[in-house]
Amino acid sequence: MARAGDGNNLRPQAAMNMHHFAIPLPRPLAPGQNVTVRLVQAGVPSAHGQQQHAHFHFVMQGQAASPVLRDSQGLGAQQGKKQSRQTVQKEVEEIKRKEEEEERKAHLREQLTVLSPPSVTLDSVLLCTWTTVAVDAGDGRGSGAGDGRSSAVCYELMMEKGTDGPVVMYSGPNVNYSFPIDDLHPGHTYQFYVVASGYGEKGVASPRASLTIPALCPDKPLAPKVASRTKNNVVLKWSTPKDNGSTITNYSLEWDQCGRDFIEVFQGQQKQFKLNHKFPPASSCRFRLRVLNDVGWSEYSDNLVFKSGAGVPPPPPQPILTEASVGHLALKWAPPTDNGGSKILSYCLEMNDPENGYGFRPVYQGEELCHTSSGLQRVSTYHFRVAATNEAGRGPFSAPVTFQTSPAIPGCPGGPELKSRATSTALHIGWRPPLDNGGAEIQSYTVQLDDGHQGSFTDAYTGPELEHSEHNLTPGLTYRCRVCATSRAGHSNWTPPVEMKTQPTPPQAPAGLEVVGKPSQNSIILKMNPPGFDGGAVVTSYCVEMNKDDLWVKVATVANPQAFGGKSSTLTCSVTPLSSGTLYMFRANCINSCGVSPFSEVCTCHTAVGCPASPTCLEVGNKTANSMHLRWQPSKEFGSPLTGYQLEYGISGSKQCVVVTCDSLVCSHTLKALSPWSSYGVRARATSAVGNSEWSSLVQCTTLPSHPSSPSSLSVLSRTYNSLLIGWCAPDTNGADITQYCVEMVSPPLSICVPAMETQCMFRDLSPDTIYKVRVQAENAAGKGPFSAYILGSTLQAPPTPPQLVLVSAGSQHLKVSWGGGKRTGEEGRGLGRREEDWGGGKRTGQSLLQYVLQYSTDGTRYHKAYEGTGPTHRLNKLHPATKYYLRVAALCDGVQSEWAEPAVFSTTPTPPPAPKGVVLSQINPSQLAVSWKPVQENCALPVVYVVQLKTFGTDYLQVYEGIETSCVVSMLAAKGLHEACVRAVVKCEVNGSVEKLWSLSNSEAHCECRGTAQDEGKEVVKQEATGQHIISDTSPLQNVVTLLKKEKCLTVAFFIGLFALIAGLIIVSRF
């Protein structure tokens, strides 16, 4: 818009309903220049709440001409007549578009302004981050066309250092950036700010962020330099290094005191120092410098090596060998590192020959830095040293160095020869080392071979070995071989060439077969082309093969005349007989003395027209279990009309075939009367007046499945008195798996279905000793097959009833049981009609004898056989005392066993306790006796009771005590006499339902004579019988003898009773 200012004034011309006003312009306008004025009518809002604008457009037409005012709302009608209304409208729209564009750009610049300074962090790298801006490319009031995405915004990271201008560090869409701190200078302050740009506009720069880089130690200074020098002092200067942000405050200069430890000789702010010291001639020392600022000391500078005035030169470096030959050594050396303060005048070279023992002797004196010593021995060692001379004199010699003359070229090796038999592609070559090696060790040998055709030699092997195997040679060729030796002196002469021949191999395949002339109806003439390589031996013959039914068959063998001294001629053969009009394939190979070559490429050829071709595309159409329909493609006639077709078929694997002649030329036929689910091979051929064609390819086809055959081998597998197990063999399935078997019994009518995987069937709950008729039928998905033939099976006789067990006697280690007779109840059999008979007690009924089986168990689950026989009783021995046993019995007749009887439980008795020992009988007073004994060991959990019996001589035993104590007192005795006490142990237990007493097997006795007065009490004598021995008291001899006889008589009676019991037991056992 135009603003007030000095310059021209625009005055619109007077017009109807027009307002006149003057607008001052800031500067004069050029002719034709456009000016836009916007008039706002105050106080009259539009429909949208905004004030109405009136746009005026002025065009300067000349310096003196008045401007023309155009009103877009109808003002200035007179001037608007000069232009069309359409032009005015376009100009108004253009003005509005430009204003909107200006507003949009101003809004973008406002949005692109980054309000906060960037964040700067300093670590191993310097990282700057800043906030993003949200940009709306529209007019900012929701009416713009922008997409509002910040991805179109580009950020520029700017950096300033002091008065230096800004530098763009980064430009891109990211909101962070990092860079190494090595790019920044220590001790300086840097300022960073961000400027965002996008959509062609750039925003205002963000506030600045400042960062000060910390100062560092100074950089490593350069080595000090010598400004001037005398014999007694030296002046050193140095330059100022980088201070790294902190002002340098001090310099420190150190020296090593001519080869000793470094010490500080100066510290201050000056950049030079004069050291006063009398240096020895040609001496050297080192100086170094370091710098200090507020942060700390820098690194030491490189050392400055300072050398004092002239002296003899130091030893030069050791001589270097430049060339060595058989009789001379060429040496060179370098000047010494320091001339000692004056020019080098000459050098002295000395040599020591260890052979003559003269030590080092001069061999050269001069200014040159090289020398050649001649007349030396080959492969000999010599020592050299060199010294330099200046005005101060000759300096020390260098350290001795040792060099050796070269050896001579070695002699020629021993001629090559074959180390083993040559093969077709390899030669194993060996040679001998030369007689004179020239004074040096042979390093390698080189073997060369020619190409086998007297051509040039090429290297085949280079190495230290004395033999070599060369492979990949051509068979049957003669190669020339030569060898030379190599040492560090060079190569020897080549040996004379030696010829070596490889073994021949089978030849290559023939170059091919060619058909000679025109093939006839049944023959073809073939020509064999020789192979490209005969393997090193002459080809003796060729073999021709023909492909017949995908098999190669040998048809001809042709001899090569050249192999037998004949002339070269064309090799041909005639192959016959062949089929007319047929394509044949041939191949050939050749033979030499080493073997047979590979076959050549296949040669194909057709014979002349003749018999028809075999039918093609023979296939099976519809088929059933007993028929199949065949069809094929017509055969080629080969010039002779077809007369018909023939079919040949048969079961696969069978040698019997049937040939069927078709009545017409129809290419189809149905074969009938076939076996179900059988694989047939079928082939066809065509017939003509010339002859029959070859049979077509064999076609395999299987007929559809049918119902199965009848089962075979029907038999009774096992039987009992009430069941029959029937078994059979699976029949032919005829193509479909058997689904089940139907087993049928005639009388009574009974049918059982059995799964296909089983070939057995069990009939249960049958009558004993009865005959039954059974047959079997198989079934599959195609239907039920025929029944098998009937089989007769009979059940066994009914078993007897089990007997009952009765306990006869029980001991500690035995049980004796008996059982009653079992009975066999026979039914009126359907076929045999048996009656009830008595089977007990082992008696024979008819021809049957009843037997018994007795079993025992300790836990009632696992039984063991104890007895099997016809007897009704049995004694079980070697049992455990006081143990419960389970017994059961069953009857057995004619192999038929009855059910087991209900198990009976019997227990063995405990073991009787042992006899008491240590029985003592003593008199307490004239009317009382005391009896005591030792307790017995209990063999079971039952308590032991003791029984004491007492008798006086001439009377019977009388029980005087029963209890668990081991002593007792007996009163009311006779005043005088011989008394005898007997003690036995007894155990009370319950055996098989009754309480019994188990006495000890023997008793213990004691004797005592009572005298009746107090004076005689001390003379009593005790007799103990714990071990069966008698102690005779000092009573009268007659009484002692009587007592002893009584005891011996008892022992005799006991012995005879035991013997009688043993004899009786043996008799009973023999009866059983």
# chains A, B, ... in the order shown; residues from 1 in each chain; ligands from 1
>>> residues_around(residues="range 451-457 of chain A", least_positions_apart="2", cutoff="9 Å", atoms="only C-alpha atoms", output="ChimeraX atom specification")
/A:448-449,459,473-474,477-482,501
>>> write_last_selection(atoms="C-alpha atoms", output="tab-separated table (two decimals), in the first residue's frame")
chain	number	residue	atom	x	y	z
A	448	GLN	CA	63.08	-80.64	-18.21
A	449	LEU	CA	61.00	-82.73	-20.61
A	459	ASP	CA	60.61	-77.23	-16.95
A	473	LEU	CA	51.67	-87.11	-19.87
A	474	THR	CA	50.38	-88.46	-23.15
A	477	LEU	CA	54.94	-91.19	-26.41
A	478	THR	CA	58.73	-91.10	-26.04
A	479	TYR	CA	59.91	-88.12	-23.98
A	480	ARG	CA	63.44	-86.72	-23.71
A	481	CYS	CA	64.60	-85.77	-20.22
A	482	ARG	CA	67.57	-83.75	-18.92
A	501	LYS	CA	58.44	-93.81	-22.97
>>> residues_around(residues="range 752-768 of chain A", least_positions_apart="5", cutoff="9 Å", atoms="only C-alpha atoms", output="ChimeraX atom specification")
/A:717,720-730,737-745,778-779,794-798,826-830
>>> atom_distance(atom1="CA of Gly532 in chain A", atom2="CA of Ala509 in chain A")
7.7 Å
>>> residues_around(residues="Leu630 in chain A", least_positions_apart="3", cutoff="6 Å", atoms="only C-alpha atoms", output="list in words")
Glu619, Val620, Gly621, Ser668 and His669 of chain A
>>> residues_around(residues="range 590-604 of chain A", least_positions_apart="5", cutoff="10 Å", atoms="only C-alpha atoms", output="compact mmCIF listing (two decimals) with N, CA, C and O atoms, in the first residue's frame")
# COMPACT_ATOMS: atom_id res chain seq x y z
N SER A 424 50.94 -94.97 -17.99
CA SER A 424 50.43 -94.36 -19.22
C SER A 424 50.53 -92.84 -19.19
O SER A 424 50.67 -92.21 -20.23
N GLN A 503 53.54 -95.72 -21.03
CA GLN A 503 52.77 -96.89 -21.46
C GLN A 503 51.54 -96.44 -22.25
O GLN A 503 50.93 -95.41 -21.95
N PRO A 504 51.16 -97.20 -23.28
CA PRO A 504 49.95 -96.84 -24.04
C PRO A 504 48.69 -97.10 -23.21
O PRO A 504 48.70 -97.83 -22.23
N THR A 505 47.56 -96.49 -23.64
CA THR A 505 46.25 -96.62 -22.99
C THR A 505 45.22 -96.99 -24.03
O THR A 505 45.49 -96.96 -25.24
N PRO A 506 44.04 -97.34 -23.57
CA PRO A 506 42.98 -97.57 -24.55
C PRO A 506 42.75 -96.32 -25.40
O PRO A 506 42.93 -95.19 -24.94
N PRO A 507 42.36 -96.50 -26.65
CA PRO A 507 42.22 -95.35 -27.56
C PRO A 507 41.01 -94.51 -27.20
O PRO A 507 40.17 -94.88 -26.38
N GLN A 508 40.93 -93.35 -27.84
CA GLN A 508 39.75 -92.51 -27.73
C GLN A 508 38.61 -93.11 -28.54
O GLN A 508 38.79 -94.07 -29.29
N ALA A 509 37.42 -92.54 -28.36
CA ALA A 509 36.27 -93.04 -29.10
C ALA A 509 36.45 -92.78 -30.59
O ALA A 509 37.08 -91.79 -30.99
N PRO A 510 35.91 -93.66 -31.43
CA PRO A 510 35.98 -93.42 -32.88
C PRO A 510 35.35 -92.07 -33.23
O PRO A 510 34.48 -91.56 -32.52
N ALA A 511 35.83 -91.49 -34.32
CA ALA A 511 35.34 -90.17 -34.72
C ALA A 511 33.89 -90.19 -35.12
O ALA A 511 33.25 -89.14 -35.22
N GLY A 512 33.31 -91.37 -35.36
CA GLY A 512 31.89 -91.44 -35.69
C GLY A 512 31.60 -92.56 -36.68
O GLY A 512 32.49 -93.22 -37.22
N LEU A 513 30.29 -92.80 -36.87
CA LEU A 513 29.82 -93.80 -37.84
C LEU A 513 29.10 -93.08 -38.98
O LEU A 513 28.39 -92.09 -38.75
N GLU A 514 29.28 -93.61 -40.22
CA GLU A 514 28.60 -93.05 -41.39
C GLU A 514 27.91 -94.18 -42.14
O GLU A 514 28.39 -95.31 -42.18
N VAL A 515 26.74 -93.86 -42.68
CA VAL A 515 25.98 -94.84 -43.47
C VAL A 515 26.49 -94.78 -44.90
O VAL A 515 26.54 -93.71 -45.53
N LEU A 526 27.66 -99.64 -42.62
CA LEU A 526 28.22 -98.58 -41.80
C LEU A 526 29.71 -98.48 -42.03
O LEU A 526 30.40 -99.49 -42.26
N MET A 528 33.31 -96.96 -40.24
CA MET A 528 33.90 -96.51 -38.98
C MET A 528 35.03 -95.53 -39.26
O MET A 528 35.95 -95.84 -40.04
N ASN A 529 34.99 -94.37 -38.64
CA ASN A 529 36.07 -93.39 -38.72
C ASN A 529 37.03 -93.61 -37.57
O ASN A 529 36.61 -93.83 -36.43
N PRO A 530 38.35 -93.57 -37.82
CA PRO A 530 39.32 -93.87 -36.75
C PRO A 530 39.26 -92.81 -35.66
O PRO A 530 38.81 -91.68 -35.87
N PRO A 531 39.77 -93.16 -34.45
CA PRO A 531 39.73 -92.19 -33.33
C PRO A 531 40.77 -91.08 -33.54
O PRO A 531 41.72 -91.22 -34.32
N ASP A 534 45.01 -92.81 -30.76
CA ASP A 534 44.93 -94.27 -30.61
C ASP A 534 45.48 -94.76 -29.28
O ASP A 534 45.62 -95.97 -29.08
N GLY A 535 45.80 -93.85 -28.31
CA GLY A 535 46.30 -94.25 -27.00
C GLY A 535 47.75 -94.68 -27.00
O GLY A 535 48.21 -95.26 -26.01
N GLY A 536 48.46 -94.43 -28.09
CA GLY A 536 49.88 -94.83 -28.16
C GLY A 536 50.07 -96.23 -28.68
O GLY A 536 51.21 -96.70 -28.73
N ALA A 537 49.03 -96.92 -29.06
CA ALA A 537 49.12 -98.27 -29.63
C ALA A 537 48.15 -98.37 -30.80
O ALA A 537 47.10 -97.72 -30.81
N VAL A 538 48.49 -99.20 -31.76
CA VAL A 538 47.68 -99.31 -32.98
C VAL A 538 46.34 -99.94 -32.64
O VAL A 538 46.26 -100.90 -31.86
N VAL A 539 45.25 -99.38 -33.20
CA VAL A 539 43.91 -99.94 -33.02
C VAL A 539 43.83 -101.25 -33.79
O VAL A 539 44.15 -101.30 -34.98
N THR A 540 43.41 -102.33 -33.11
CA THR A 540 43.36 -103.65 -33.74
C THR A 540 41.99 -103.96 -34.33
O THR A 540 41.91 -104.66 -35.34
N SER A 541 40.89 -103.46 -33.73
CA SER A 541 39.56 -103.80 -34.25
C SER A 541 38.55 -102.76 -33.77
O SER A 541 38.83 -101.97 -32.86
N TYR A 542 37.38 -102.82 -34.40
CA TYR A 542 36.26 -101.96 -34.06
C TYR A 542 35.07 -102.83 -33.75
O TYR A 542 34.88 -103.89 -34.36
N CYS A 543 34.25 -102.39 -32.79
CA CYS A 543 33.04 -103.12 -32.38
C CYS A 543 31.84 -102.20 -32.58
O CYS A 543 31.85 -101.05 -32.12
N VAL A 544 30.80 -102.71 -33.27
CA VAL A 544 29.59 -101.94 -33.58
C VAL A 544 28.44 -102.52 -32.76
O VAL A 544 28.25 -103.74 -32.73
N GLU A 545 27.68 -101.64 -32.09
CA GLU A 545 26.52 -102.04 -31.30
C GLU A 545 25.29 -101.32 -31.80
O GLU A 545 25.38 -100.20 -32.32
N MET A 546 24.14 -101.98 -31.63
CA MET A 546 22.85 -101.44 -32.07
C MET A 546 21.91 -101.40 -30.87
O MET A 546 21.92 -102.30 -30.02
N ASN A 547 21.12 -100.33 -30.79
CA ASN A 547 20.14 -100.18 -29.71
C ASN A 547 18.89 -100.95 -30.08
O ASN A 547 18.25 -100.69 -31.09
N THR A 557 31.98 -106.93 -35.56
CA THR A 557 33.36 -106.66 -35.15
C THR A 557 34.20 -106.59 -36.42
O THR A 557 34.21 -107.52 -37.23
N VAL A 558 34.96 -105.49 -36.61
CA VAL A 558 35.74 -105.25 -37.83
C VAL A 558 37.21 -105.13 -37.43
O VAL A 558 37.54 -104.33 -36.54
N ALA A 559 38.10 -105.91 -38.04
CA ALA A 559 39.53 -105.86 -37.76
C ALA A 559 40.18 -104.74 -38.56
O ALA A 559 39.76 -104.42 -39.69
N ASN A 560 41.23 -104.13 -37.98
CA ASN A 560 41.97 -103.06 -38.65
C ASN A 560 43.16 -103.66 -39.36
O ASN A 560 44.05 -104.25 -38.73
N ALA A 563 46.88 -103.02 -38.19
CA ALA A 563 47.42 -103.67 -37.01
C ALA A 563 48.18 -104.94 -37.36
O ALA A 563 48.96 -105.45 -36.54
N LEU A 583 13.59 -97.04 -37.57
CA LEU A 583 14.72 -96.20 -37.20
C LEU A 583 15.64 -96.98 -36.26
O LEU A 583 15.20 -97.49 -35.25
N TYR A 584 16.91 -97.04 -36.61
CA TYR A 584 17.90 -97.76 -35.82
C TYR A 584 18.98 -96.79 -35.35
O TYR A 584 19.29 -95.81 -36.03
N MET A 585 19.56 -97.14 -34.20
CA MET A 585 20.66 -96.35 -33.63
C MET A 585 21.86 -97.26 -33.47
O MET A 585 21.74 -98.38 -32.96
>>> atom_distance(atom1="CA of Gln191 in chain A", atom2="CA of Tyr155 in chain A")
16.3 Å
>>> residues_around(residues="Ser788 in chain A", least_positions_apart="6", cutoff="7 Å", atoms="only C-alpha atoms", output="MDAnalysis selection string")
chainID A and resid 710:712 775:777
>>> write_last_selection(atoms="C-alpha atoms", output="compact mmCIF listing (two decimals), in the first residue's frame")
# COMPACT_ATOMS: atom_id res chain seq x y z
CA SER A 710 -13.06 -119.61 0.85
CA PRO A 711 -10.70 -119.97 3.85
CA SER A 712 -8.50 -123.07 3.92
CA ARG A 775 -17.39 -123.64 8.83
CA VAL A 776 -15.87 -120.20 7.95
CA GLN A 777 -16.68 -117.53 5.36
>>> residues_around(residues="Leu349 in chain A", least_positions_apart="6", cutoff="12 Å", atoms="only C-alpha atoms", output="PyMOL selection string")
chain A and resi 315-316+318-319+331-333+360-373+383-389+394+396-401
>>> write_last_selection(atoms="N, CA, C and O atoms", output="tab-separated table (two decimals), in the first residue's frame")
chain	number	residue	atom	x	y	z
A	315	PRO	N	84.47	-44.29	14.73
A	315	PRO	CA	84.58	-45.38	13.74
A	315	PRO	C	83.45	-45.31	12.72
A	315	PRO	O	82.30	-45.02	13.07
A	316	PRO	N	83.79	-45.51	11.45
A	316	PRO	CA	82.72	-45.56	10.44
A	316	PRO	C	81.83	-46.78	10.65
A	316	PRO	O	82.18	-47.71	11.39
A	318	GLN	N	80.21	-50.39	9.75
A	318	GLN	CA	80.86	-51.59	9.23
A	318	GLN	C	80.76	-51.61	7.71
A	318	GLN	O	79.77	-51.16	7.12
A	319	PRO	N	81.81	-52.14	7.04
A	319	PRO	CA	81.76	-52.26	5.57
A	319	PRO	C	80.59	-53.14	5.14
A	319	PRO	O	80.17	-54.06	5.85
A	331	LEU	N	83.71	-54.31	-1.49
A	331	LEU	CA	83.16	-53.72	-0.28
A	331	LEU	C	82.95	-52.23	-0.47
A	331	LEU	O	83.62	-51.58	-1.29
A	332	LYS	N	82.04	-51.71	0.32
A	332	LYS	CA	81.87	-50.27	0.42
A	332	LYS	C	81.48	-49.95	1.86
A	332	LYS	O	81.03	-50.82	2.60
A	333	TRP	N	81.72	-48.66	2.21
A	333	TRP	CA	81.39	-48.25	3.56
A	333	TRP	C	80.92	-46.80	3.55
A	333	TRP	O	81.12	-46.08	2.54
A	360	PHE	N	94.87	-58.81	11.25
A	360	PHE	CA	94.42	-57.77	10.33
A	360	PHE	C	95.63	-57.09	9.69
A	360	PHE	O	96.56	-56.66	10.36
A	361	ARG	N	95.59	-56.97	8.36
A	361	ARG	CA	96.63	-56.30	7.58
A	361	ARG	C	95.97	-55.32	6.63
A	361	ARG	O	94.90	-55.62	6.06
A	362	PRO	N	96.55	-54.12	6.44
A	362	PRO	CA	95.93	-53.14	5.54
A	362	PRO	C	95.87	-53.66	4.11
A	362	PRO	O	96.85	-54.23	3.60
A	363	VAL	N	94.76	-53.47	3.47
A	363	VAL	CA	94.60	-53.83	2.07
A	363	VAL	C	94.22	-52.61	1.24
A	363	VAL	O	94.24	-52.67	0.00
A	364	TYR	N	93.89	-51.47	1.90
A	364	TYR	CA	93.54	-50.27	1.13
A	364	TYR	C	93.72	-49.07	2.02
A	364	TYR	O	93.41	-49.09	3.22
A	365	GLN	N	94.31	-47.94	1.44
A	365	GLN	CA	94.47	-46.66	2.11
A	365	GLN	C	94.15	-45.59	1.08
A	365	GLN	O	94.85	-45.44	0.09
A	366	GLY	N	93.08	-44.83	1.27
A	366	GLY	CA	92.71	-43.80	0.31
A	366	GLY	C	91.43	-43.09	0.70
A	366	GLY	O	90.85	-43.31	1.78
A	367	GLU	N	91.01	-42.23	-0.23
A	367	GLU	CA	89.84	-41.41	0.04
A	367	GLU	C	88.54	-42.07	-0.41
A	367	GLU	O	87.44	-41.59	-0.09
A	368	GLU	N	88.62	-43.13	-1.22
A	368	GLU	CA	87.42	-43.77	-1.74
A	368	GLU	C	86.66	-44.49	-0.61
A	368	GLU	O	87.25	-44.89	0.41
A	369	LEU	N	85.39	-44.65	-0.88
A	369	LEU	CA	84.52	-45.35	0.09
A	369	LEU	C	84.21	-46.77	-0.36
A	369	LEU	O	83.21	-47.36	0.07
A	370	CYS	N	85.07	-47.34	-1.24
A	370	CYS	CA	84.85	-48.71	-1.71
A	370	CYS	C	86.19	-49.32	-2.07
A	370	CYS	O	87.17	-48.61	-2.34
A	371	HIS	N	86.23	-50.65	-2.11
A	371	HIS	CA	87.46	-51.37	-2.45
A	371	HIS	C	87.09	-52.80	-2.79
A	371	HIS	O	86.16	-53.38	-2.24
A	372	THR	N	87.87	-53.37	-3.75
A	372	THR	CA	87.68	-54.76	-4.17
A	372	THR	C	88.95	-55.53	-3.85
A	372	THR	O	90.04	-55.21	-4.37
A	373	SER	N	88.82	-56.58	-3.01
A	373	SER	CA	89.95	-57.44	-2.66
A	373	SER	C	89.95	-58.64	-3.59
A	373	SER	O	88.94	-59.38	-3.67
A	383	HIS	N	87.69	-61.38	7.36
A	383	HIS	CA	87.21	-60.36	8.29
A	383	HIS	C	87.74	-59.01	7.84
A	383	HIS	O	88.92	-58.87	7.49
A	384	PHE	N	86.87	-57.98	7.88
A	384	PHE	CA	87.24	-56.65	7.45
A	384	PHE	C	86.84	-55.65	8.52
A	384	PHE	O	85.87	-55.85	9.26
A	385	ARG	N	87.66	-54.53	8.58
A	385	ARG	CA	87.33	-53.40	9.42
A	385	ARG	C	87.90	-52.14	8.77
A	385	ARG	O	88.85	-52.21	7.99
A	386	VAL	N	87.34	-50.97	9.08
A	386	VAL	CA	87.71	-49.73	8.43
A	386	VAL	C	87.80	-48.64	9.49
A	386	VAL	O	87.06	-48.66	10.49
A	387	ALA	N	88.70	-47.67	9.27
A	387	ALA	CA	88.87	-46.52	10.17
A	387	ALA	C	89.02	-45.26	9.33
A	387	ALA	O	89.53	-45.30	8.20
A	388	ALA	N	88.59	-44.10	9.88
A	388	ALA	CA	88.68	-42.81	9.19
A	388	ALA	C	89.79	-41.96	9.82
A	388	ALA	O	90.07	-42.06	11.03
A	389	THR	N	90.41	-41.11	8.98
A	389	THR	CA	91.51	-40.25	9.42
A	389	THR	C	91.18	-38.81	9.07
A	389	THR	O	90.75	-38.53	7.94
A	394	ARG	N	94.00	-40.69	13.06
A	394	ARG	CA	93.13	-41.79	12.67
A	394	ARG	C	92.24	-42.19	13.83
A	394	ARG	O	92.73	-42.39	14.96
A	396	PRO	N	89.23	-44.70	15.68
A	396	PRO	CA	89.15	-46.15	15.94
A	396	PRO	C	88.53	-46.89	14.76
A	396	PRO	O	87.81	-46.33	13.95
A	397	PHE	N	88.89	-48.19	14.71
A	397	PHE	CA	88.35	-49.04	13.65
A	397	PHE	C	86.89	-49.41	13.97
A	397	PHE	O	86.47	-49.46	15.14
A	398	SER	N	86.19	-49.68	12.92
A	398	SER	CA	84.81	-50.19	13.09
A	398	SER	C	84.84	-51.62	13.61
A	398	SER	O	85.90	-52.28	13.61
A	399	ALA	N	83.74	-52.09	14.02
A	399	ALA	CA	83.66	-53.48	14.47
A	399	ALA	C	83.92	-54.40	13.29
A	399	ALA	O	83.48	-54.14	12.17
A	400	PRO	N	84.66	-55.49	13.48
A	400	PRO	CA	84.96	-56.38	12.36
A	400	PRO	C	83.67	-56.98	11.79
A	400	PRO	O	82.71	-57.27	12.50
A	401	VAL	N	83.71	-57.18	10.48
A	401	VAL	CA	82.59	-57.80	9.78
A	401	VAL	C	83.15	-58.94	8.95
A	401	VAL	O	84.28	-58.87	8.45
>>> residues_around(residues="Phe192 in chain A", least_positions_apart="5", cutoff="6 Å", atoms="only C-alpha atoms", output="CSV table (one decimal) with N, CA, C and O atoms, in the first residue's frame")
chain,number,residue,atom,x,y,z
A,158,MET,N,24.4,-22.7,13.2
A,158,MET,CA,25.4,-21.7,12.9
A,158,MET,C,26.3,-21.6,14.1
A,158,MET,O,25.9,-21.8,15.3
A,159,MET,N,27.6,-21.4,13.9
A,159,MET,CA,28.6,-21.2,14.9
A,159,MET,C,29.4,-20.0,14.7
A,159,MET,O,29.8,-19.7,13.5
A,208,ARG,N,21.1,-17.2,21.0
A,208,ARG,CA,22.4,-17.8,21.0
A,208,ARG,C,22.7,-18.5,22.3
A,208,ARG,O,22.3,-18.1,23.4
A,209,ALA,N,23.4,-19.6,22.1
A,209,ALA,CA,23.9,-20.4,23.2
A,209,ALA,C,25.5,-20.3,23.2
A,209,ALA,O,26.1,-20.6,22.1
>>> closest_residue(among="A:Ser627, A:Ser971, A:Gln813, A:Gln257", to="Lys878 in chain A", atoms="only C-alpha atoms")
A:Gln813
>>> closest_residue(among="A:Gln656, A:Thr458, A:Thr624, A:Ser1000", to="Val987 in chain A", atoms="only C-alpha atoms")
A:Ser1000
>>> atom_distance(atom1="CA of Trp695 in chain A", atom2="CA of Leu674 in chain A")
21.5 Å
>>> select_by_dssp(residues="range 584-772 of chain A", states="strand (DSSP E or B)", output="ChimeraX atom specification")
/A:584-592,595-596,603-606,616-623,628-633,642-651,658-661,668-671,679-688,692,699-702,712-719,724-729,738-745,750-755,760-763,771-772
>>> closest_residue(among="A:Ala882, A:Val970, A:Ala915, A:Leu275", to="Leu958 in chain A", atoms="only C-alpha atoms")
A:Val970
